[in-house]
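Q: See target.cif below, with mmCIF, C-alpha atoms.
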data_final
loop_
_atom_site.label_atom_id
_atom_site.label_comp_id
_atom_site.auth_asym_id
_atom_site.auth_seq_id
_atom_site.Cartn_x
_atom_site.Cartn_y
_atom_site.Cartn_z
CA MET A 579 26.09 45.59 40.55
CA ARG A 580 27.42 44.40 37.22
CA ILE A 581 25.17 44.40 34.19
CA ASP A 582 25.47 41.62 31.61
CA PRO A 583 25.48 42.29 27.81
CA GLN A 584 21.70 41.85 27.71
CA GLY A 585 21.18 44.58 30.32
CA ARG A 586 20.34 42.21 33.20
CA PRO A 587 21.95 42.09 36.66
CA ALA A 588 24.85 39.65 36.52
CA MET A 589 25.36 37.32 39.46
CA HIS A 590 28.91 37.46 40.76
CA THR A 591 30.92 34.27 40.36
CA ASP A 592 31.54 34.10 44.13
CA ALA A 593 27.80 34.14 44.72
CA LEU A 594 27.47 31.11 42.51
CA PHE A 595 30.10 29.32 44.57
CA SER A 596 28.35 30.29 47.76
CA LEU A 597 25.00 29.03 46.54
CA SER A 598 26.47 25.79 45.33
CA GLY A 599 28.42 25.06 48.49
CA LEU A 600 31.63 24.68 46.49
CA GLU A 601 34.81 26.55 47.22
CA ASP A 602 36.87 25.82 44.14
CA PRO A 603 35.63 27.76 41.10
CA GLN A 604 36.78 24.87 38.91
CA GLU A 605 34.37 22.54 40.70
CA VAL A 606 31.20 24.41 39.68
CA PRO A 607 28.99 21.96 37.75
CA ALA A 608 27.22 23.06 34.57
CA ALA A 609 23.85 22.54 36.27
CA VAL A 610 24.57 25.47 38.64
CA LEU A 611 24.97 27.98 35.82
CA VAL A 612 21.86 30.06 35.35
CA VAL A 613 20.62 29.88 31.76
CA PRO A 614 17.73 32.19 30.93
CA LYS A 615 14.70 30.36 29.59
CA PRO A 616 13.68 31.39 26.10
CA LYS A 617 10.45 33.34 25.90
CA PRO A 618 7.63 31.16 24.55
CA LYS A 619 6.62 32.07 21.03
CA ARG A 620 3.14 33.42 20.79
CA ARG A 621 1.01 31.65 18.25
CA ARG A 622 -1.01 33.96 16.12
CA ARG A 623 -4.66 33.32 16.76
CA ARG A 624 -6.63 32.75 13.57
CA VAL A 625 -9.72 34.89 13.41
CA VAL A 626 -12.67 33.20 11.71
CA HIS A 627 -14.91 35.51 9.69
CA PRO A 628 -18.08 36.40 11.63
CA SER A 629 -20.26 35.22 8.73
CA VAL A 630 -19.11 31.60 9.22
CA PRO A 631 -21.71 29.64 11.20
CA PHE A 632 -20.80 27.46 14.15
CA THR A 633 -23.26 24.69 13.33
CA PRO A 634 -24.79 23.43 10.08
CA SER A 635 -28.29 24.61 9.23
CA THR A 636 -29.35 21.01 8.49
CA THR A 637 -28.09 17.44 8.67
CA VAL A 638 -30.65 15.98 6.25
CA PRO A 639 -28.78 14.61 3.17
CA ASP A 640 -31.12 15.96 0.48
CA GLU A 641 -31.27 19.37 2.15
CA LEU A 642 -27.47 19.50 2.36
CA ILE A 643 -27.21 18.89 -1.39
CA ARG A 644 -30.03 21.29 -2.22
CA ASP A 645 -28.54 24.12 -0.12
CA ALA A 646 -25.01 23.75 -1.53
CA ASP A 647 -23.60 25.65 -4.50
CA TRP A 648 -20.98 22.93 -5.01
CA VAL A 649 -20.91 19.32 -3.82
CA VAL A 650 -17.25 18.29 -3.71
CA VAL A 651 -16.65 14.55 -3.34
CA SER A 652 -13.12 13.60 -2.29
CA SER A 653 -12.10 10.35 -3.98
CA SER A 654 -8.98 8.37 -3.16
CA GLY A 655 -10.09 5.61 -5.52
CA GLY A 656 -10.63 3.29 -2.54
CA LYS A 657 -13.75 1.33 -1.66
CA ASP A 658 -15.13 3.85 0.83
CA SER A 659 -14.68 6.74 -1.61
CA GLN A 660 -16.44 4.94 -4.44
CA ALA A 661 -19.30 3.76 -2.22
CA MET A 662 -19.73 7.33 -1.01
CA LEU A 663 -19.53 8.66 -4.57
CA SER A 664 -22.24 6.25 -5.71
CA TYR A 665 -24.50 7.20 -2.80
CA VAL A 666 -24.06 10.98 -3.16
CA VAL A 667 -24.49 10.91 -6.95
CA ARG A 668 -27.66 8.83 -6.61
CA ARG A 669 -29.20 11.43 -4.30
CA ALA A 670 -28.00 14.36 -6.43
CA LYS A 671 -29.51 12.77 -9.55
CA ALA A 672 -32.84 12.29 -7.79
CA LEU A 673 -32.83 16.02 -6.97
CA GLY A 674 -31.82 16.96 -10.52
CA MET A 675 -28.62 18.52 -9.18
CA LEU A 676 -25.86 16.34 -10.58
CA ASP A 677 -24.31 19.42 -12.20
CA LYS A 678 -23.29 20.60 -8.71
CA VAL A 679 -21.09 17.55 -8.11
CA VAL A 680 -17.32 17.81 -8.50
CA VAL A 681 -15.03 14.84 -7.81
CA VAL A 682 -11.53 15.70 -6.58
CA HIS A 683 -8.58 13.33 -6.30
CA ALA A 684 -5.46 14.30 -4.32
CA ASP A 685 -2.64 12.73 -6.35
CA LEU A 686 0.03 11.38 -3.98
CA GLY A 687 2.48 10.42 -6.71
CA ARG A 688 4.57 7.29 -6.27
CA ALA A 689 3.36 6.86 -2.68
CA GLU A 690 -0.03 5.58 -3.83
CA TRP A 691 -1.04 2.37 -5.59
CA GLU A 692 -0.52 2.34 -9.34
CA GLY A 693 -3.61 3.26 -11.34
CA THR A 694 -5.40 4.92 -8.42
CA ARG A 695 -5.79 8.30 -10.09
CA GLU A 696 -7.03 6.75 -13.32
CA LEU A 697 -9.49 4.56 -11.42
CA ALA A 698 -10.91 7.53 -9.49
CA GLU A 699 -11.47 9.37 -12.77
CA LEU A 700 -13.11 6.32 -14.35
CA GLN A 701 -15.44 5.89 -11.38
CA ALA A 702 -16.50 9.55 -11.62
CA ARG A 703 -17.13 9.28 -15.36
CA LEU A 704 -19.15 6.07 -15.04
CA CYS A 705 -21.28 7.78 -12.38
CA GLY A 706 -22.07 10.55 -14.83
CA VAL A 707 -20.05 13.27 -13.07
CA ARG A 708 -18.75 15.68 -15.67
CA ARG A 709 -16.14 17.47 -13.59
CA PHE A 710 -13.13 15.59 -12.24
CA GLU A 711 -10.30 17.57 -10.64
CA VAL A 712 -6.80 16.45 -9.65
CA VAL A 713 -4.82 18.36 -7.02
CA THR A 714 -1.33 17.75 -5.71
CA SER A 715 1.16 19.25 -3.28
CA GLY A 716 3.86 18.93 -5.93
CA VAL A 717 6.28 17.48 -3.38
CA ASP A 718 7.31 13.82 -3.22
CA PHE A 719 6.27 12.21 0.08
CA LEU A 720 9.70 10.82 0.95
CA ASP A 721 11.37 14.13 0.09
CA ARG A 722 8.94 15.82 2.45
CA VAL A 723 9.85 13.36 5.23
CA GLU A 724 13.57 14.10 4.82
CA THR A 725 13.00 17.86 4.70
CA ARG A 726 10.80 17.67 7.78
CA HIS A 727 13.48 15.68 9.62
CA GLY A 728 16.07 18.34 8.82
CA LYS A 729 13.88 21.10 10.22
CA LEU A 730 12.95 19.15 13.35
CA LYS A 731 16.60 18.29 13.98
CA ALA A 732 17.69 21.93 13.63
CA LYS A 733 14.90 23.02 15.99
CA ALA A 734 15.81 20.40 18.60
CA GLU A 735 19.48 21.40 18.49
CA GLU A 736 18.65 25.09 18.81
CA GLU A 737 16.41 24.49 21.82
CA ALA A 738 19.10 22.32 23.42
CA LEU A 739 21.63 25.13 23.09
CA GLU A 740 19.17 27.58 24.67
CA ARG A 741 18.86 25.21 27.63
CA GLY A 742 22.64 24.89 27.90
CA GLU A 743 22.57 21.24 26.79
CA ASN A 744 24.64 19.33 24.29
CA PRO A 745 22.87 19.71 20.91
CA ALA A 746 24.35 16.42 19.71
CA GLN A 747 22.22 14.66 22.32
CA ALA A 748 19.02 16.52 21.51
CA LYS A 749 15.94 14.35 21.01
CA VAL A 750 14.49 14.90 17.55
CA ALA A 751 10.72 14.64 17.06
CA PRO A 752 9.55 11.94 14.62
CA ALA A 753 9.56 13.02 10.99
CA TRP A 754 7.29 10.24 9.79
CA PRO A 755 3.54 10.83 10.12
CA SER A 756 1.65 8.96 12.84
CA SER A 757 -1.84 8.62 14.22
CA SER A 758 -1.16 11.61 16.49
CA ALA A 759 0.64 13.68 13.84
CA ARG A 760 -1.09 13.12 10.53
CA TRP A 761 0.69 15.94 8.73
CA CYS A 762 0.54 13.88 5.53
CA THR A 763 -3.23 14.33 5.40
CA SER A 764 -3.04 18.11 5.79
CA GLY A 765 -0.03 18.54 3.52
CA GLU A 766 -0.84 16.07 0.77
CA LYS A 767 -4.65 16.16 0.73
CA ARG A 768 -6.38 18.83 2.79
CA GLY A 769 -4.15 21.71 1.71
CA PRO A 770 -4.24 21.01 -2.03
CA ILE A 771 -8.01 20.40 -1.93
CA ARG A 772 -8.48 23.82 -0.37
CA THR A 773 -6.88 25.33 -3.49
CA LEU A 774 -9.77 23.77 -5.42
CA TYR A 775 -12.22 25.38 -3.00
CA THR A 776 -10.64 28.72 -3.85
CA ARG A 777 -11.10 28.16 -7.60
CA LEU A 778 -14.69 27.03 -7.17
CA THR A 779 -15.39 30.07 -5.02
CA ASN A 780 -13.96 32.39 -7.65
CA GLU A 781 -16.20 30.84 -10.30
CA LEU A 782 -19.29 31.86 -8.32
CA ALA A 783 -18.05 35.24 -7.12
CA HIS A 784 -20.97 36.87 -8.97
CA LEU A 785 -23.37 35.49 -6.34
CA GLY A 786 -22.40 38.35 -4.04
CA ARG A 787 -22.44 36.16 -0.93
CA PRO A 788 -20.27 33.41 0.59
CA VAL A 789 -20.23 30.37 -1.70
CA ARG A 790 -21.62 27.27 0.01
CA ILE A 791 -19.47 24.18 -0.54
CA LEU A 792 -20.52 20.75 0.71
CA ALA A 793 -17.34 18.69 1.19
CA CYS A 794 -18.07 14.96 1.13
CA ILE A 795 -15.53 12.69 2.85
CA GLY A 796 -15.65 8.88 3.01
CA GLN A 797 -14.61 8.48 6.63
CA ARG A 798 -16.36 5.76 8.64
CA ALA A 799 -16.75 5.27 12.38
CA ALA A 800 -15.80 1.61 12.03
CA GLU A 801 -12.29 2.52 10.88
CA SER A 802 -10.98 3.82 14.21
CA THR A 803 -11.98 5.20 17.59
CA GLN A 804 -10.91 8.66 16.44
CA ARG A 805 -13.14 8.58 13.38
CA ALA A 806 -16.01 7.24 15.48
CA LYS A 807 -15.94 10.53 17.39
CA LEU A 808 -16.33 12.64 14.25
CA ALA A 809 -19.66 14.28 13.49
CA GLU A 810 -21.53 13.23 10.37
CA VAL A 811 -22.10 16.89 9.50
CA GLU A 812 -20.13 19.88 10.75
CA ILE A 813 -18.84 23.28 9.68
CA ASP A 814 -15.19 23.31 8.63
CA ARG A 815 -14.34 26.66 10.19
CA GLY A 816 -10.66 26.25 9.36
CA ALA A 817 -11.37 26.12 5.61
CA SER A 818 -14.18 28.68 5.70
CA ASN A 819 -13.83 32.44 5.36
CA GLY A 820 -15.82 35.48 4.31
CA ARG A 821 -16.02 34.28 0.71
CA ARG A 822 -16.86 30.60 1.24
CA HIS A 823 -18.53 28.44 3.85
CA ILE A 824 -17.46 24.79 3.95
CA THR A 825 -19.75 22.15 5.41
CA THR A 826 -18.17 18.73 5.92
CA TRP A 827 -20.47 15.77 5.30
CA ARG A 828 -19.50 12.15 6.01
CA PRO A 829 -22.29 10.33 4.13
CA ILE A 830 -21.19 6.77 5.01
CA HIS A 831 -19.98 7.45 8.56
CA THR A 832 -22.27 4.81 10.09
CA TRP A 833 -21.77 2.15 7.41
CA ASN A 834 -20.08 -1.19 8.03
CA ASP A 835 -17.93 -3.08 5.50
CA ARG A 836 -20.82 -5.14 4.23
CA ARG A 837 -22.91 -2.08 3.40
CA VAL A 838 -19.93 -0.48 1.61
CA TRP A 839 -19.48 -3.55 -0.60
CA ARG A 840 -23.22 -3.84 -1.24
CA GLU A 841 -23.22 -0.25 -2.51
CA ILE A 842 -20.27 -1.03 -4.78
CA ALA A 843 -22.09 -4.10 -6.12
CA ARG A 844 -25.23 -2.06 -6.71
CA SER A 845 -23.29 0.74 -8.43
CA ARG A 846 -21.35 -1.64 -10.70
CA LEU A 847 -18.30 0.64 -10.37
CA PRO A 848 -14.95 -1.18 -10.69
CA TYR A 849 -12.79 -1.32 -7.56
CA HIS A 850 -9.01 -1.45 -7.22
CA PRO A 851 -7.46 -4.95 -7.57
CA ALA A 852 -5.36 -4.39 -4.42
CA TYR A 853 -8.46 -5.40 -2.44
CA ASP A 854 -8.53 -8.79 -4.15
CA TRP A 855 -4.88 -9.18 -3.13
CA GLY A 856 -6.05 -8.87 0.47
CA ASN A 857 -5.61 -5.17 1.25
CA ARG A 858 -7.98 -3.56 3.73
CA ARG A 859 -7.04 0.02 2.80
CA LEU A 860 -6.05 1.81 -0.37
CA SER A 861 -4.44 5.06 -1.55
CA CYS A 862 -0.93 5.04 -0.05
CA VAL A 863 0.89 1.74 -0.51
CA PHE A 864 2.58 2.23 2.86
CA CYS A 865 0.32 4.05 5.31
CA VAL A 866 1.35 4.31 8.95
CA LEU A 867 -2.27 3.65 9.85
CA GLY A 868 -2.46 0.52 7.72
CA CYS A 869 -2.46 -2.94 9.24
CA ASN A 870 0.77 -4.94 9.09
CA SER A 871 -0.59 -7.37 6.50
CA ASP A 872 -1.34 -4.44 4.15
CA LEU A 873 2.22 -3.18 4.57
CA VAL A 874 3.75 -6.58 3.87
CA ASN A 875 1.46 -6.98 0.87
CA GLY A 876 2.67 -3.63 -0.41
CA ALA A 877 6.30 -4.69 -0.05
CA ARG A 878 5.56 -7.83 -2.10
CA ARG A 879 3.74 -5.96 -4.87
CA VAL A 880 5.87 -2.78 -5.00
CA PRO A 881 9.34 -3.79 -3.73
CA GLU A 882 11.10 -0.81 -5.30
CA LEU A 883 8.96 1.62 -3.28
CA ALA A 884 9.59 -0.38 -0.10
CA ALA A 885 13.33 -0.10 -0.77
CA ALA A 886 13.00 3.68 -1.17
CA PHE A 887 11.21 3.91 2.20
CA ALA A 888 13.99 1.84 3.79
CA ARG A 889 16.62 4.22 2.39
CA THR A 890 14.80 7.18 3.92
CA GLU A 891 14.67 5.34 7.25
CA ALA A 892 18.45 4.99 7.12
CA LYS A 893 18.96 8.67 6.22
CA ILE A 894 16.91 10.06 9.10
CA GLY A 895 17.68 7.29 11.59
CA ALA A 896 14.04 6.54 12.46
CA ASP A 897 11.65 3.68 11.70
CA PHE A 898 8.76 4.28 9.33
CA LYS A 899 6.25 3.06 11.90
CA LYS A 900 6.68 2.88 15.67
CA GLY A 901 7.76 -0.63 16.53
CA LEU A 902 7.92 -1.72 12.88
CA SER A 903 10.62 -0.65 10.46
CA MET A 904 10.40 -0.88 6.69
CA ARG A 905 13.43 -3.19 6.85
CA GLU A 906 11.36 -5.63 8.91
CA ILE A 907 8.39 -5.28 6.55
CA ILE A 908 10.64 -6.13 3.61
CA ARG A 909 12.09 -9.09 5.51
CA ARG A 910 8.59 -10.47 6.12
CA ALA A 911 7.64 -9.95 2.48
CA GLU A 912 10.75 -11.76 1.26
CA ALA A 913 10.09 -14.63 3.68
CA LEU A 914 6.59 -15.07 2.26
CA GLU A 915 7.90 -14.94 -1.30
CA ALA A 916 10.48 -17.60 -0.46
CA ALA A 917 7.91 -19.82 1.25
CA GLU A 918 5.00 -19.37 -1.18
CA GLY A 919 6.65 -18.20 -4.36
CA PRO A 920 5.31 -15.24 -6.36
CA ALA A 921 1.58 -15.23 -5.72
CA ALA A 922 -0.80 -15.41 -8.66
CA ARG A 923 -3.43 -12.69 -8.81
CA PRO A 924 -6.56 -13.83 -6.97
CA PRO A 925 -9.78 -14.17 -9.00
CA ALA A 926 -11.48 -10.84 -9.67
CA GLY A 927 -14.24 -10.26 -7.15
CA THR A 928 -12.50 -12.11 -4.30
CA ALA A 929 -12.76 -9.16 -1.89
CA MET A 930 -16.39 -8.44 -2.69
CA ALA A 931 -17.43 -12.10 -2.40
CA ALA A 932 -16.01 -12.23 1.11
CA HIS A 933 -18.51 -9.57 2.22
CA VAL A 934 -21.61 -9.99 0.07
CA GLY A 935 -21.34 -13.54 -1.25
CA ARG A 936 -20.48 -15.16 -4.56
CA ALA A 937 -23.95 -14.79 -6.13
CA MET A 938 -24.08 -11.01 -5.79
CA THR A 939 -20.45 -10.75 -6.92
CA THR A 940 -21.14 -12.80 -10.06
CA LYS A 941 -24.09 -10.55 -10.89
CA TYR A 942 -21.92 -7.46 -10.29
CA ARG A 943 -19.25 -8.63 -12.71
CA ALA A 944 -21.79 -9.62 -15.34
CA ARG A 945 -23.42 -6.19 -15.19
CA GLN A 946 -20.02 -4.52 -15.51
CA ALA A 947 -19.24 -6.52 -18.61
CA ALA A 948 -22.63 -5.72 -20.16
CA LEU A 949 -22.68 -2.00 -19.35
CA TYR A 950 -19.04 -0.96 -19.59
CA GLY A 951 -17.21 -3.82 -21.20
CA LEU A 952 -15.17 -4.06 -18.00
CA VAL A 953 -14.03 -7.04 -15.98
CA ALA A 954 -13.76 -6.22 -12.26
#
Show how you would write the structure in this file as structure tokens.
A:
Amino acid sequence: MRIDPQGRPAMHTDALFSLSGLEDPQEVPAAVLVVPKPKPKRRRRRVVHPSVPFTPSTTVPDELIRDADWVVVSSSGGKDSQAMLSYVVRRAKALGMLDKVVVVHADLGRAEWEGTRELAELQARLCGVRRFEVVTSGVDFLDRVETRHGKLKAKAEEEALERGENPAQAKVAPAWPSSSARWCTSGEKRGPIRTLYTRLTNELAHLGRPVRILACIGQRAAESTQRAKLAEVEIDRGASNGRRHITTWRPIHTWNDRRVWREIARSRLPYHPAYDWGNRRLSCVFCVLGCNSDLVNGARRVPELAAAFARTEAKIGADFKKGLSMREIIRRAEALEAAEGPAARPPAGTAMAAHVGRAMTTKYRARQAALYGLVA
């Protein structure tokens, strides 16, 4: 028996012909050749520290705040974030624990609406929160997409070669984020925010026990079926370790749009003007989870960013969103501009009035002017 270079028994060529039913060695198809399957790579199992609990000790809002060493409120600058911020701060103030509250903004660079970072900081300051933190991945979103595409392409070609297939015909996984692969959230927000958790933990190392961090996130069940399945309170075991225990709290999980806008009106905090332009979401100008009207609105307001997205589409050969390319979004935006002309900015308070009425909106703007000298 012959032994191949890898030390395995080598099947004689004649045996291959016999098995295939072919007599001419030149007629043996590629499919007959035996290609060893690559061994599956074992994923290293992450071991969670035994001190990390499986379930939260309480789900009562005031008890969550009271038990925490830090209350970290994630703020994108959007309506849900500011409504949540107002609600959490109000409860923390009532408990005399506002000093525990830290507002963190994950800066997404050019991918997010202009002024978002500044607005998030202003909202925190007007609420009376003294500590505002900004975190960032340090990598431009579109650069990350192109780098990700290069890695996925190389991986697909390598696996094709291992299977004995033509690497040029290998199917490359999508590089853009999607509802099923939201790597942008982990890479641009969750990861950088965890670096803040590390700093906050170090500041309280003298406690001699795991630092308890209450992470407040403005996710709502009404936004999607996936978010509807999320628990209002749960232990983030992935972010927890022997030095810190992270409890995730979604304070406005059960709220509808009307309640969000009523909280904003009550708080008097300014909201981003993109909502008056008709946007339903904020933060990234072009989010794969955003509705089509938001995307077209973004292309009308920030055409240079839309053009950059289109260039990345061309480089990697894949549409920004499944079934909807940035080229098509730009085409729709240009068609509206041609038909309607450049739109004038809607009256301030347009978005709020649609949910809570003109009377409450007028009172909201008047209070802003009196307290802060701001016009919403």
Q: Need to verify the contact set: His683 (chain A), 8 Å, all atoms listed in the file, exclusion of same-chain residues closer than 3 positions in sequence. Can you return it as a PyMOL selection string?
A: chain A and resi 652-655+695+698+710-713
Q: Give me the residues within 9 Å of Lys900 (chain A) as a VMD selection string, counting all atoms listed in the file and dropping any in the same chain fewer than 3 places off.
A: chain A and resid 756 866 896 to 897 903
Q: Can you write out as a Markdown table which residues of region 639-742 of chain A fall within 10 Å of region 875-890 of chain A, alongside each residue's closest atom pair and its distance in Å to one decimal, counting only C-alpha atoms and ordering rows by chain and ascending residue number?
A:
| residue | atom | partner | partner_atom | distance |
| --- | --- | --- | --- | --- |
| A:Arg688 | CA | A:Leu883 | CA | 7.8 |
| A:Ala689 | CA | A:Leu883 | CA | 7.7 |
| A:Glu690 | CA | A:Leu883 | CA | 9.8 |
| A:Trp691 | CA | A:Val880 | CA | 8.6 |
| A:Glu692 | CA | A:Val880 | CA | 9.3 |
| A:Phe719 | CA | A:Phe887 | CA | 9.9 |
| A:Leu720 | CA | A:Thr890 | CA | 6.9 |
| A:Asp721 | CA | A:Thr890 | CA | 8.6 |
| A:Val723 | CA | A:Thr890 | CA | 8.0 |
| A:Glu724 | CA | A:Thr890 | CA | 7.1 |
Q: Could you write out the selected residues, including C-alpha atoms, as a PDB file, in the coordinates of the input?
A:
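The new file result-v5.pdb reads:
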ATOM      1  CA  ARG A 688       4.570   7.290  -6.270  1.00  0.00           C
ATOM      2  CA  ALA A 689       3.360   6.860  -2.680  1.00  0.00           C
ATOM      3  CA  GLU A 690      -0.030   5.580  -3.830  1.00  0.00           C
ATOM      4  CA  TRP A 691      -1.040   2.370  -5.590  1.00  0.00           C
ATOM      5  CA  GLU A 692      -0.520   2.340  -9.340  1.00  0.00           C
ATOM      6  CA  PHE A 719       6.270  12.210   0.080  1.00  0.00           C
ATOM      7  CA  LEU A 720       9.700  10.820   0.950  1.00  0.00           C
ATOM      8  CA  ASP A 721      11.370  14.130   0.090  1.00  0.00           C
ATOM      9  CA  VAL A 723       9.850  13.360   5.230  1.00  0.00           C
ATOM     10  CA  GLU A 724      13.570  14.100   4.820  1.00  0.00           C
TER      11      GLU A 724
END
Q: Expand the PyMOL selection byres ((chain A and resi 747-749) around 8) into the explicit residue set it covers here, and present it as a list in words.
A: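 Going through the file, the PyMOL selection byres ((chain A and resi 747-749) around 8) ends up selecting Ala734, Glu735, Ala738, Glu743, Asn744, Pro745, Ala746, Val750 and Ala751 of chain A.
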Q: Out of A:Thr928, A:Thr636, A:Ser715, A:Met904, which residue has the shortest atom-to-atom distance to Pro770 (chain A) when counting only C-alpha atoms?
A: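 The closest residue to Pro770 (chain A) is A:Ser715.
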Q: Exactly which residues make up the result of the PyMOL selection byres ((chain A and resi 644-649) around 12) on this file, given as a PDB file with C-alpha atoms, in the coordinates of the input?
A:
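That gives us part.pdb:
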ATOM      1  CA  PRO A 634     -24.790  23.430  10.080  1.00  0.00           C
ATOM      2  CA  SER A 635     -28.290  24.610   9.230  1.00  0.00           C
ATOM      3  CA  THR A 636     -29.350  21.010   8.490  1.00  0.00           C
ATOM      4  CA  THR A 637     -28.090  17.440   8.670  1.00  0.00           C
ATOM      5  CA  VAL A 638     -30.650  15.980   6.250  1.00  0.00           C
ATOM      6  CA  PRO A 639     -28.780  14.610   3.170  1.00  0.00           C
ATOM      7  CA  ASP A 640     -31.120  15.960   0.480  1.00  0.00           C
ATOM      8  CA  GLU A 641     -31.270  19.370   2.150  1.00  0.00           C
ATOM      9  CA  LEU A 642     -27.470  19.500   2.360  1.00  0.00           C
ATOM     10  CA  ILE A 643     -27.210  18.890  -1.390  1.00  0.00           C
ATOM     11  CA  VAL A 650     -17.250  18.290  -3.710  1.00  0.00           C
ATOM     12  CA  VAL A 651     -16.650  14.550  -3.340  1.00  0.00           C
ATOM     13  CA  SER A 652     -13.120  13.600  -2.290  1.00  0.00           C
ATOM     14  CA  LEU A 663     -19.530   8.660  -4.570  1.00  0.00           C
ATOM     15  CA  VAL A 666     -24.060  10.980  -3.160  1.00  0.00           C
ATOM     16  CA  VAL A 667     -24.490  10.910  -6.950  1.00  0.00           C
ATOM     17  CA  ARG A 669     -29.200  11.430  -4.300  1.00  0.00           C
ATOM     18  CA  ALA A 670     -28.000  14.360  -6.430  1.00  0.00           C
ATOM     19  CA  LYS A 671     -29.510  12.770  -9.550  1.00  0.00           C
ATOM     20  CA  ALA A 672     -32.840  12.290  -7.790  1.00  0.00           C
ATOM     21  CA  LEU A 673     -32.830  16.020  -6.970  1.00  0.00           C
ATOM     22  CA  GLY A 674     -31.820  16.960 -10.520  1.00  0.00           C
ATOM     23  CA  MET A 675     -28.620  18.520  -9.180  1.00  0.00           C
ATOM     24  CA  LEU A 676     -25.860  16.340 -10.580  1.00  0.00           C
ATOM     25  CA  ASP A 677     -24.310  19.420 -12.200  1.00  0.00           C
ATOM     26  CA  LYS A 678     -23.290  20.600  -8.710  1.00  0.00           C
ATOM     27  CA  VAL A 679     -21.090  17.550  -8.110  1.00  0.00           C
ATOM     28  CA  VAL A 680     -17.320  17.810  -8.500  1.00  0.00           C
ATOM     29  CA  VAL A 681     -15.030  14.840  -7.810  1.00  0.00           C
ATOM     30  CA  VAL A 682     -11.530  15.700  -6.580  1.00  0.00           C
ATOM     31  CA  VAL A 707     -20.050  13.270 -13.070  1.00  0.00           C
ATOM     32  CA  ARG A 709     -16.140  17.470 -13.590  1.00  0.00           C
ATOM     33  CA  LEU A 774      -9.770  23.770  -5.420  1.00  0.00           C
ATOM     34  CA  TYR A 775     -12.220  25.380  -3.000  1.00  0.00           C
ATOM     35  CA  THR A 776     -10.640  28.720  -3.850  1.00  0.00           C
ATOM     36  CA  ARG A 777     -11.100  28.160  -7.600  1.00  0.00           C
ATOM     37  CA  LEU A 778     -14.690  27.030  -7.170  1.00  0.00           C
ATOM     38  CA  THR A 779     -15.390  30.070  -5.020  1.00  0.00           C
ATOM     39  CA  GLU A 781     -16.200  30.840 -10.300  1.00  0.00           C
ATOM     40  CA  LEU A 782     -19.290  31.860  -8.320  1.00  0.00           C
ATOM     41  CA  ALA A 783     -18.050  35.240  -7.120  1.00  0.00           C
ATOM     42  CA  LEU A 785     -23.370  35.490  -6.340  1.00  0.00           C
ATOM     43  CA  ARG A 787     -22.440  36.160  -0.930  1.00  0.00           C
ATOM     44  CA  PRO A 788     -20.270  33.410   0.590  1.00  0.00           C
ATOM     45  CA  VAL A 789     -20.230  30.370  -1.700  1.00  0.00           C
ATOM     46  CA  ARG A 790     -21.620  27.270   0.010  1.00  0.00           C
ATOM     47  CA  ILE A 791     -19.470  24.180  -0.540  1.00  0.00           C
ATOM     48  CA  LEU A 792     -20.520  20.750   0.710  1.00  0.00           C
ATOM     49  CA  ALA A 793     -17.340  18.690   1.190  1.00  0.00           C
ATOM     50  CA  CYS A 794     -18.070  14.960   1.130  1.00  0.00           C
ATOM     51  CA  ILE A 795     -15.530  12.690   2.850  1.00  0.00           C
ATOM     52  CA  ARG A 822     -16.860  30.600   1.240  1.00  0.00           C
ATOM     53  CA  HIS A 823     -18.530  28.440   3.850  1.00  0.00           C
ATOM     54  CA  ILE A 824     -17.460  24.790   3.950  1.00  0.00           C
ATOM     55  CA  THR A 825     -19.750  22.150   5.410  1.00  0.00           C
ATOM     56  CA  THR A 826     -18.170  18.730   5.920  1.00  0.00           C
ATOM     57  CA  TRP A 827     -20.470  15.770   5.300  1.00  0.00           C
TER      58      TRP A 827
END
Q: Could you work out how far CA of Ala753 (chain A) lies from CA of Ala892 (chain A), giving the answer in Å with one decimal?
A: 12.6 Å
Q: Please write the residues picked by the PyMOL selection byres ((chain A and resi 829) around 9) on this file as a CSV table (one decimal) with C-alpha atoms, in the frame of the given file.
A:
chain,number,residue,atom,x,y,z
A,639,PRO,CA,-28.8,14.6,3.2
A,662,MET,CA,-19.7,7.3,-1.0
A,665,TYR,CA,-24.5,7.2,-2.8
A,666,VAL,CA,-24.1,11.0,-3.2
A,794,CYS,CA,-18.1,15.0,1.1
A,795,ILE,CA,-15.5,12.7,2.8
A,796,GLY,CA,-15.6,8.9,3.0
A,797,GLN,CA,-14.6,8.5,6.6
A,798,ARG,CA,-16.4,5.8,8.6
A,810,GLU,CA,-21.5,13.2,10.4
A,811,VAL,CA,-22.1,16.9,9.5
A,827,TRP,CA,-20.5,15.8,5.3
A,828,ARG,CA,-19.5,12.2,6.0
A,830,ILE,CA,-21.2,6.8,5.0
A,831,HIS,CA,-20.0,7.4,8.6
A,832,THR,CA,-22.3,4.8,10.1
A,833,TRP,CA,-21.8,2.2,7.4
Q: Out of A:Arg703, A:Thr725, A:Ala921, A:Cys862, which residue has the shortest atom-to-atom distance to Lys893 (chain A) when counting all atoms listed in the file?
A: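 Nearest to Lys893 (chain A): A:Thr725.
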Q: Identify which of the residues A:Glu740, A:Ala926, A:Arg726, A:Trp855 lies closest to Trp761 (chain A), counting all atoms listed in the file when measuring atom-to-atom distances.
A: A:Arg726
Q: Can you tell me how far CA of Lys807 (chain A) sits from CA of Leu902 (chain A), in Å to one decimal?
A: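 Distance reported for this atom pair: 27.2 Å.
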Q: Check the smallest atom-to-atom distance from each of A:Gly687, A:Gly895, A:Gly816, A:Gly935 to Ser764 (chain A) using only C-alpha atoms, then report the winner.
A: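 That would be A:Gly816, the residue with the smallest distance to Ser764 (chain A).
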